[in-house]
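Asker: I'd like to ask some things about the structure below.
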Amino acid sequence: MWPRWPGSPVSDPIQAIVVASANGRVGLPAATEILAAGGSATDAVIAATRLVEADPGDRSVGYAGLPNILGEVELDASIMEGRGLRAGAVGGLQGYQDAIDLARAVMDRLPHAFVAGDGTRRLAQELGYDGRDLLDPETERIWREGLSSEGITDGVADGSARSLDQVMQMVTRLSADPERTHEMYGLGETPDEPPHGTVNVLARDRQGNMASAVSTSGWAWKYPGRLGDSPVIGAGNYCDNRWGAAACTGRGEMAFRCATAHSVVMFLRFGYTLEDAVTQALRDMEALDDPFASEVNIVALAADGTHFAGSTVENRTYVWQSPGMTEPDERPRRVVPLTFQPGRSV
Ligand code: ASP
């Protein structure tokens with residue numbers, strides 16, 4: 001028996017809430033204000049995500065996000081609504097910081113769910129967004145230093161070198177040595193934020209509708225055109241009013257291959273507790289045969305408003321806020337360490 005779609009106005013309002021990855025903190029007060037005024041979960045997650053995209057201090061999302069191996073910032077984003085399973089996504093957006101707005105435009109204005117590459121730029125132009133060079137000087141410095149610290153100097157910036165080996169080199173480095181990666185991202189000495197990143201924002205509004213937004217510049221020094229889990233509905237983002245919402249950060253290829261966000265919501269559907277749903281979705285990654293296996297993080301919000309987050313590594317947190325709270329509350333994530341067994345399949 002399936003639960004009814006929540007969503008009709010109710011006289012006794014449901015408690016609204018917004019939950020995010022730790023770097024979403026900057027956006028939570030704005031999202032909470034929207035929810036407190038009776039606004040929609042969709043408007044709330046978009047408002048919070050926009051603020052992270054505009055923040056030059058966040059090198060993993062929007063403006064000043066770290067670029068691909070050629071020095072081009074390529075943004076991925078997705079939005080999903082829990083009522084009616086509406087969704088929109090953009091992948092490989094260059095020259096505009098408004099990835100989450102464009103994902104929403106795909107959902108609201110096109111008969112599609114996913115636009116990638118040149119079409120994203122066209123969409124931004126047609127909708128009148130202002131173009132912007134997304135590579136700020138500090139980010140460019142980090143990108144160049146990362147290349148030269150790996151001995152990659154010739155022909156990358158002008159695109160004349162073969163990128164294949166160089167991407168292998170950088171990805172090997174990023175996966176194998178999180179602390180060094182953290183340093184390369186210019187994040188300082190305390191790794192309380194992932195050394196790469198994405199923002200996840202999940203909300204439930206007073207009508208009981210849910211929405212989830214994910215935005216990222218993806219893995220730094222990635223192969224041009226590489227798409228991670230963030231814009232892929234089911235991988236990095238999934239939302240269904242009946243059971244809940246989940247979103248991921250970390251090495252996108254892992255969440256991609258395990259359909260992780262969708263798994264969390266399906267585990268809820270089949271009766272798992274929220275804690276068990278997140279834990280099982282992380283454990284599912286043990287089946288991956290992957291020399292680059294590294295960190296994955298999940299935030300989840302159940303349809304009843306309870307929230308929980310997990311990570312494959314220690315010291316990761318998430319944030320949440322509800323109307324009536326003056327600032328976000330930060331919580332630790334459950335650590336689910338993974339033991340990879342190459343060659344094993346489930
Ligand atoms: N999940 C993102 C990606 O793979 C990156 C991250 O969250 O670190 O593109």
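Lettering and numbering for the structure tokens are positional, with chains as A, B, ... in the shown order, residues counted from 1 in each chain, and ligands counted from 1 in the shown order.
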Could you report the residues within 7 Å of ligand 1, using only C-alpha atoms and all ligand atoms, as a PyMOL selection string?

Answerer: chain A and resi 196-198+216-219+227-230+248-253

Asker: Could the residues in this selection be saved with N, CA and C atoms as a compact mmCIF listing (two decimals), in the first residue's frame?

Answerer:
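Output file out.txt is given in full below:
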# COMPACT_ATOMS: atom_id res chain seq x y z
N HIS A 196 37.12 18.21 -1.37
CA HIS A 196 36.48 18.46 -2.65
C HIS A 196 35.05 18.66 -2.23
N GLY A 197 34.17 18.98 -3.11
CA GLY A 197 32.86 19.21 -2.52
C GLY A 197 31.77 19.52 -3.49
N THR A 198 30.65 19.74 -2.88
CA THR A 198 29.37 19.89 -3.55
C THR A 198 28.48 20.42 -2.47
N THR A 216 27.61 21.74 -7.86
CA THR A 216 29.04 21.47 -7.70
C THR A 216 29.84 21.93 -8.91
N SER A 217 31.15 22.14 -8.67
CA SER A 217 32.04 22.29 -9.82
C SER A 217 32.74 20.94 -10.08
N GLY A 218 32.33 19.94 -9.34
CA GLY A 218 32.82 18.58 -9.59
C GLY A 218 34.25 18.37 -9.10
N TRP A 219 34.85 17.28 -9.47
CA TRP A 219 36.22 17.01 -9.06
C TRP A 219 37.16 17.93 -9.80
N LEU A 227 31.08 14.24 -16.07
CA LEU A 227 29.94 14.55 -15.21
C LEU A 227 30.00 13.62 -14.01
N GLY A 228 29.73 14.17 -12.85
CA GLY A 228 29.71 13.35 -11.63
C GLY A 228 28.30 12.93 -11.29
N ASP A 229 28.09 12.63 -10.03
CA ASP A 229 26.78 12.18 -9.56
C ASP A 229 25.80 13.33 -9.36
N SER A 230 26.35 14.54 -9.13
CA SER A 230 25.49 15.65 -8.68
C SER A 230 24.33 15.98 -9.63
N CYS A 248 24.15 13.43 -2.18
CA CYS A 248 25.52 12.96 -1.91
C CYS A 248 26.56 14.02 -2.21
N THR A 249 27.69 13.89 -1.51
CA THR A 249 28.92 14.57 -1.89
C THR A 249 30.03 13.52 -1.85
N GLY A 250 31.18 13.89 -2.38
CA GLY A 250 32.28 12.94 -2.41
C GLY A 250 32.53 12.45 -3.82
N ARG A 251 33.23 11.34 -3.94
CA ARG A 251 33.62 10.89 -5.27
C ARG A 251 32.40 10.40 -6.06
N GLY A 252 32.00 11.24 -7.01
CA GLY A 252 30.75 11.03 -7.72
C GLY A 252 30.65 9.71 -8.44
N GLU A 253 31.77 9.21 -8.93
CA GLU A 253 31.72 7.96 -9.69
C GLU A 253 31.17 6.82 -8.83

Asker: If DSSP is run on the backbone, what residues of stretch 6-222 of chain A are helix (DSSP H, G or I)? A reply as an NGL selection string would be ideal.

Answerer: :A and (22-36 or 41-54 or 99-109 or 118-126 or 137-149 or 164-176 or 178-184)

Asker: Give one line per residue of stretch 295-315 of chain A that approaches stretch 14-18 of chain A to at most 12 Å, naming the two atoms of the closest pair and their distance in Å to one decimal, counting only C-alpha atoms; sort by chain then ascending residue number and deliver it as JSON lines.

Answerer:
{"residue": "A:Val299", "atom": "CA", "partner": "A:Val18", "partner_atom": "CA", "distance": 11.1}
{"residue": "A:Ala300", "atom": "CA", "partner": "A:Val18", "partner_atom": "CA", "distance": 10.5}
{"residue": "A:Leu301", "atom": "CA", "partner": "A:Val18", "partner_atom": "CA", "distance": 8.6}
{"residue": "A:Ala302", "atom": "CA", "partner": "A:Ile17", "partner_atom": "CA", "distance": 10.7}
{"residue": "A:Ala303", "atom": "CA", "partner": "A:Ile14", "partner_atom": "CA", "distance": 10.6}
{"residue": "A:Asp304", "atom": "CA", "partner": "A:Gln15", "partner_atom": "CA", "distance": 9.0}
{"residue": "A:Gly305", "atom": "CA", "partner": "A:Ile17", "partner_atom": "CA", "distance": 6.8}
{"residue": "A:Thr306", "atom": "CA", "partner": "A:Ile17", "partner_atom": "CA", "distance": 9.0}
{"residue": "A:His307", "atom": "CA", "partner": "A:Ile17", "partner_atom": "CA", "distance": 9.3}
{"residue": "A:Phe308", "atom": "CA", "partner": "A:Val18", "partner_atom": "CA", "distance": 11.9}

Asker: Go ahead and dump the residues you just picked, all heavy atoms, as a CSV table (one decimal), in the first residue's frame.

Answerer:
chain,number,residue,atom,x,y,z
A,299,VAL,N,23.5,13.1,2.9
A,299,VAL,CA,22.5,13.7,3.8
A,299,VAL,C,21.1,13.2,3.5
A,299,VAL,O,20.9,13.1,2.3
A,299,VAL,CB,22.5,15.3,3.8
A,299,VAL,CG1,23.7,15.9,4.5
A,299,VAL,CG2,22.4,15.8,2.4
A,300,ALA,N,20.3,13.0,4.5
A,300,ALA,CA,19.0,12.5,4.2
A,300,ALA,C,17.9,13.2,5.1
A,300,ALA,O,18.2,13.5,6.2
A,300,ALA,CB,19.0,11.0,4.4
A,301,LEU,N,16.8,13.3,4.5
A,301,LEU,CA,15.6,13.9,5.2
A,301,LEU,C,14.4,13.0,5.0
A,301,LEU,O,14.0,12.8,3.8
A,301,LEU,CB,15.4,15.3,4.7
A,301,LEU,CG,14.2,16.1,5.2
A,301,LEU,CD1,14.3,16.4,6.7
A,301,LEU,CD2,14.1,17.4,4.5
A,302,ALA,N,13.8,12.5,6.0
A,302,ALA,CA,12.7,11.6,5.8
A,302,ALA,C,11.4,12.4,5.7
A,302,ALA,O,11.4,13.6,6.1
A,302,ALA,CB,12.6,10.6,7.0
A,303,ALA,N,10.4,11.8,5.2
A,303,ALA,CA,9.1,12.5,4.9
A,303,ALA,C,8.5,13.1,6.2
A,303,ALA,O,7.8,14.0,6.2
A,303,ALA,CB,8.1,11.6,4.2
A,304,ASP,N,8.9,12.5,7.4
A,304,ASP,CA,8.4,13.0,8.7
A,304,ASP,C,9.2,14.1,9.2
A,304,ASP,O,9.0,14.5,10.4
A,304,ASP,CB,8.3,11.8,9.7
A,304,ASP,CG,9.6,11.2,10.1
A,304,ASP,OD1,10.7,11.8,9.6
A,304,ASP,OD2,9.6,10.2,10.8
A,305,GLY,N,10.2,14.5,8.5
A,305,GLY,CA,11.0,15.7,9.0
A,305,GLY,C,12.3,15.3,9.8
A,305,GLY,O,13.1,16.1,10.1
A,306,THR,N,12.5,14.0,10.0
A,306,THR,CA,13.7,13.6,10.7
A,306,THR,C,14.9,13.6,9.7
A,306,THR,O,14.7,13.4,8.5
A,306,THR,CB,13.6,12.2,11.4
A,306,THR,OG1,13.2,11.3,10.4
A,306,THR,CG2,12.6,12.2,12.5
A,307,HIS,N,16.1,13.8,10.2
A,307,HIS,CA,17.2,14.0,9.3
A,307,HIS,C,18.4,13.2,9.9
A,307,HIS,O,18.5,12.9,11.1
A,307,HIS,CB,17.6,15.5,9.1
A,307,HIS,CG,17.7,16.2,10.4
A,307,HIS,ND1,18.8,16.4,11.1
A,307,HIS,CD2,16.7,16.9,11.1
A,307,HIS,CE1,18.6,17.1,12.2
A,307,HIS,NE2,17.3,17.4,12.2
A,308,PHE,N,19.3,12.9,9.0
A,308,PHE,CA,20.5,12.1,9.4
A,308,PHE,C,21.5,12.2,8.3
A,308,PHE,O,21.1,12.4,7.1
A,308,PHE,CB,20.0,10.6,9.5
A,308,PHE,CG,21.1,9.7,10.0
A,308,PHE,CD1,21.4,9.7,11.4
A,308,PHE,CD2,21.7,8.8,9.2
A,308,PHE,CE1,22.4,8.8,11.9
A,308,PHE,CE2,22.7,7.9,9.7
A,308,PHE,CZ,23.0,7.9,11.0

Asker: Work out how far apart atom CA of A:Met80 and atom CA of A:Asp329 are and give it in Å to one decimal.

Answerer: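 Atom CA of A:Asp329 lies at a distance of 24.2 Å from atom CA of A:Met80.
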
Asker: Please indicate the distance in Å from atom CA of A:Val313 to atom CA of A:Arg204, rounded to one decimal place.

Answerer: 27.5 Å

Asker: Skipping near chain neighbours, those fewer than 2 positions away, what residues fall within 10 Å of A:Val232 using only C-alpha atoms, listed as a ChimeraX atom specification?

Answerer: /A:76-79,87-91,113-114,214,227-230,234-238,252,255-256,259,261

Asker: State, in Å with one decimal place, the distance from atom CA of A:Leu164 to atom CA of A:Arg59.

Answerer: 23.7 Å

Asker: May I have the residues within 7 Å of A:Pro328 as a list in words, using only C-alpha atoms and disregarding those fewer than 3 positions away in the same chain?

Answerer: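 Counting only C-alpha atoms, the residues come to Arg25, Leu28, Val319, Trp320 and Gln321 of chain A.
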
Asker: Go ahead and save the residues from that selection, with C-alpha atoms, as a PDB file, in the first residue's frame.

Answerer:
ATOM      1  CA  ARG A  25      25.319  26.743   6.239  1.00  0.00           C
ATOM      2  CA  LEU A  28      20.172  28.062   5.546  1.00  0.00           C
ATOM      3  CA  VAL A 319      23.661  21.390   9.210  1.00  0.00           C
ATOM      4  CA  TRP A 320      19.922  21.878   9.617  1.00  0.00           C
ATOM      5  CA  GLN A 321      17.513  24.668  10.545  1.00  0.00           C
TER       6      GLN A 321
END

Asker: Excluding A:Arg109 and its own-chain neighbours fewer than 4 positions away, which residues fall within 12 Å of it when counting only C-alpha atoms? Please give them as a list in words.

Answerer: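 Selected residues are Arg86, Ala87, Gly88, Asp101, Leu102, Ala103, Arg104, Ala105, Ala113, Phe114, Val115, Leu123, Glu126 and Leu127 of chain A.
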
Asker: Select from stretch 16-210 of chain A everything DSSP, run on the backbone, classes as strand (DSSP E or B), then give the selection as a tab-separated table (two decimals) with N, CA and C atoms, in the first residue's frame.

Answerer:
chain	number	residue	atom	x	y	z
A	17	ILE	N	11.52	22.34	7.52
A	17	ILE	CA	12.92	22.11	7.88
A	17	ILE	C	13.79	22.14	6.63
A	18	VAL	N	15.03	22.57	6.82
A	18	VAL	CA	15.99	22.50	5.72
A	18	VAL	C	17.27	21.87	6.28
A	19	VAL	N	17.85	20.98	5.50
A	19	VAL	CA	19.03	20.21	5.91
A	19	VAL	C	20.07	20.35	4.80
A	20	ALA	N	21.36	20.46	5.16
A	20	ALA	CA	22.36	20.65	4.10
A	20	ALA	C	23.70	20.06	4.49
A	21	SER	N	24.55	19.84	3.50
A	21	SER	CA	25.95	19.53	3.76
A	21	SER	C	26.54	20.75	4.49
A	75	LEU	N	30.30	23.45	-14.26
A	75	LEU	CA	29.36	23.26	-13.14
A	75	LEU	C	28.29	22.23	-13.47
A	76	ASP	N	27.92	21.45	-12.44
A	76	ASP	CA	26.83	20.48	-12.55
A	76	ASP	C	25.82	20.78	-11.44
A	77	ALA	N	24.54	20.64	-11.73
A	77	ALA	CA	23.54	20.84	-10.67
A	77	ALA	C	22.26	20.09	-11.00
A	78	SER	N	21.50	19.79	-9.95
A	78	SER	CA	20.18	19.18	-10.17
A	78	SER	C	19.22	19.60	-9.07
A	79	ILE	N	17.94	19.54	-9.44
A	79	ILE	CA	16.87	19.83	-8.48
A	79	ILE	C	15.81	18.75	-8.66
A	80	MET	N	15.24	18.32	-7.55
A	80	MET	CA	14.13	17.35	-7.66
A	80	MET	C	13.04	17.74	-6.68
A	81	GLU	N	11.79	17.59	-7.11
A	81	GLU	CA	10.65	17.86	-6.24
A	81	GLU	C	10.01	16.53	-5.86
A	87	ALA	N	11.93	16.84	-12.02
A	87	ALA	CA	13.37	17.02	-11.85
A	87	ALA	C	13.97	17.79	-13.02
A	88	GLY	N	15.08	18.45	-12.76
A	88	GLY	CA	15.83	19.13	-13.81
A	88	GLY	C	17.30	19.14	-13.46
A	89	ALA	N	18.16	19.07	-14.49
A	89	ALA	CA	19.60	19.04	-14.23
A	89	ALA	C	20.36	19.69	-15.36
A	90	VAL	N	21.51	20.25	-15.00
A	90	VAL	CA	22.46	20.73	-16.02
A	90	VAL	C	23.83	20.12	-15.73
A	91	GLY	N	24.58	19.87	-16.81
A	91	GLY	CA	25.91	19.30	-16.64
A	91	GLY	C	26.91	20.02	-17.53
A	92	GLY	N	28.09	20.30	-16.97
A	92	GLY	CA	29.16	20.91	-17.75
A	92	GLY	C	28.89	22.34	-18.16
A	93	LEU	N	28.19	23.09	-17.30
A	93	LEU	CA	27.90	24.50	-17.58
A	93	LEU	C	29.16	25.34	-17.44
A	114	PHE	N	17.32	16.82	-18.32
A	114	PHE	CA	18.79	16.94	-18.21
A	114	PHE	C	19.31	17.61	-19.48
A	115	VAL	N	20.01	18.72	-19.32
A	115	VAL	CA	20.69	19.38	-20.45
A	115	VAL	C	22.17	19.49	-20.10
A	116	ALA	N	23.04	19.12	-21.05
A	116	ALA	CA	24.48	19.15	-20.76
A	116	ALA	C	25.24	19.88	-21.86
A	199	VAL	N	27.42	21.15	-2.83
A	199	VAL	CA	26.46	21.47	-1.78
A	199	VAL	C	25.19	20.64	-1.99
A	200	ASN	N	24.68	20.10	-0.88
A	200	ASN	CA	23.39	19.37	-0.87
A	200	ASN	C	22.44	20.19	-0.01
A	201	VAL	N	21.24	20.47	-0.50
A	201	VAL	CA	20.22	21.14	0.33
A	201	VAL	C	18.90	20.41	0.15
A	202	LEU	N	18.32	19.96	1.26
A	202	LEU	CA	17.05	19.22	1.23
A	202	LEU	C	16.06	19.98	2.11
A	203	ALA	N	14.81	20.08	1.69
A	203	ALA	CA	13.84	20.78	2.53
A	203	ALA	C	12.47	20.14	2.47
A	204	ARG	N	11.73	20.37	3.56
A	204	ARG	CA	10.31	20.02	3.60
A	204	ARG	C	9.56	21.28	4.02
A	210	MET	N	8.48	18.20	-0.43
A	210	MET	CA	9.93	18.16	-0.25
A	210	MET	C	10.62	18.56	-1.55

Asker: Skipping near chain neighbours, those fewer than 5 positions away, what residues fall within 8 Å of A:Ile34 using only C-alpha atoms, listed as a PyMOL selection string?

Answerer: chain A and resi 39-40+43-44

Asker: Based on the selection just made, write N, CA and C atoms of those residues as a compact mmCIF listing (two decimals), in the first residue's frame.

Answerer:
# COMPACT_ATOMS: atom_id res chain seq x y z
N GLY A 39 6.59 29.56 2.25
CA GLY A 39 7.09 29.32 0.89
C GLY A 39 7.36 27.85 0.63
N SER A 40 7.66 27.56 -0.63
CA SER A 40 7.80 26.15 -1.02
C SER A 40 9.20 25.62 -0.73
N ASP A 43 11.55 26.62 -3.56
CA ASP A 43 12.13 27.97 -3.45
C ASP A 43 13.20 28.01 -2.37
N ALA A 44 12.98 27.28 -1.30
CA ALA A 44 13.94 27.30 -0.19
C ALA A 44 15.27 26.68 -0.60

Asker: Restricting the calculation to only C-alpha atoms: of A:Gln280, A:Gln97, A:Ser149, A:Thr32, which residue gets closest to A:Ala124?

Answerer: A:Gln97

Asker: From the options A:Thr312, A:Asn23, A:Ser60, A:Asn209, which residue's atoms come nearest to A:Glu295, counting only C-alpha atoms?

Answerer: A:Thr312

Asker: Here is a test: counting only C-alpha atoms, which residue of A:Leu85, A:Met285, A:Leu70, A:Met266 is nearest to A:Arg144?

Answerer: A:Leu70

Asker: Pick out the residues sitting within 10 Å of A:Ala54, and hand them over as a list in words; count only C-alpha atoms, and ignore anything fewer than 5 positions along from it in its own chain.

Answerer: Thr49, Val61, Gly62, Tyr63, Ala64, Gly65, Gln97 and Asp98 of chain A

Asker: What are the closest atom pairs, with distances in Å to one decimal, for all residues of stretch 204-286 of chain A lying within 9 Å of stretch 171-174 of chain A? Consider only C-alpha atoms, order rows by chain and residue number, and present the result as JSON lines.

Answerer:
{"residue": "A:Trp219", "atom": "CA", "partner": "A:Val171", "partner_atom": "CA", "distance": 8.5}
{"residue": "A:Ala220", "atom": "CA", "partner": "A:Val171", "partner_atom": "CA", "distance": 8.6}
{"residue": "A:Trp221", "atom": "CA", "partner": "A:Val171", "partner_atom": "CA", "distance": 7.6}
{"residue": "A:Lys222", "atom": "CA", "partner": "A:Val171", "partner_atom": "CA", "distance": 7.4}

Asker: Mind dumping the selected residues with C-alpha atoms as a short mmCIF file (atom, residue, chain, number, x, y, z; two decimals), in the first residue's frame?

Answerer:
data_model
loop_
_atom_site.label_atom_id
_atom_site.label_comp_id
_atom_site.auth_asym_id
_atom_site.auth_seq_id
_atom_site.Cartn_x
_atom_site.Cartn_y
_atom_site.Cartn_z
CA TRP A 219 36.22 17.01 -9.06
CA ALA A 220 39.02 19.42 -9.68
CA TRP A 221 41.42 18.57 -12.49
CA LYS A 222 38.77 16.27 -13.97
#
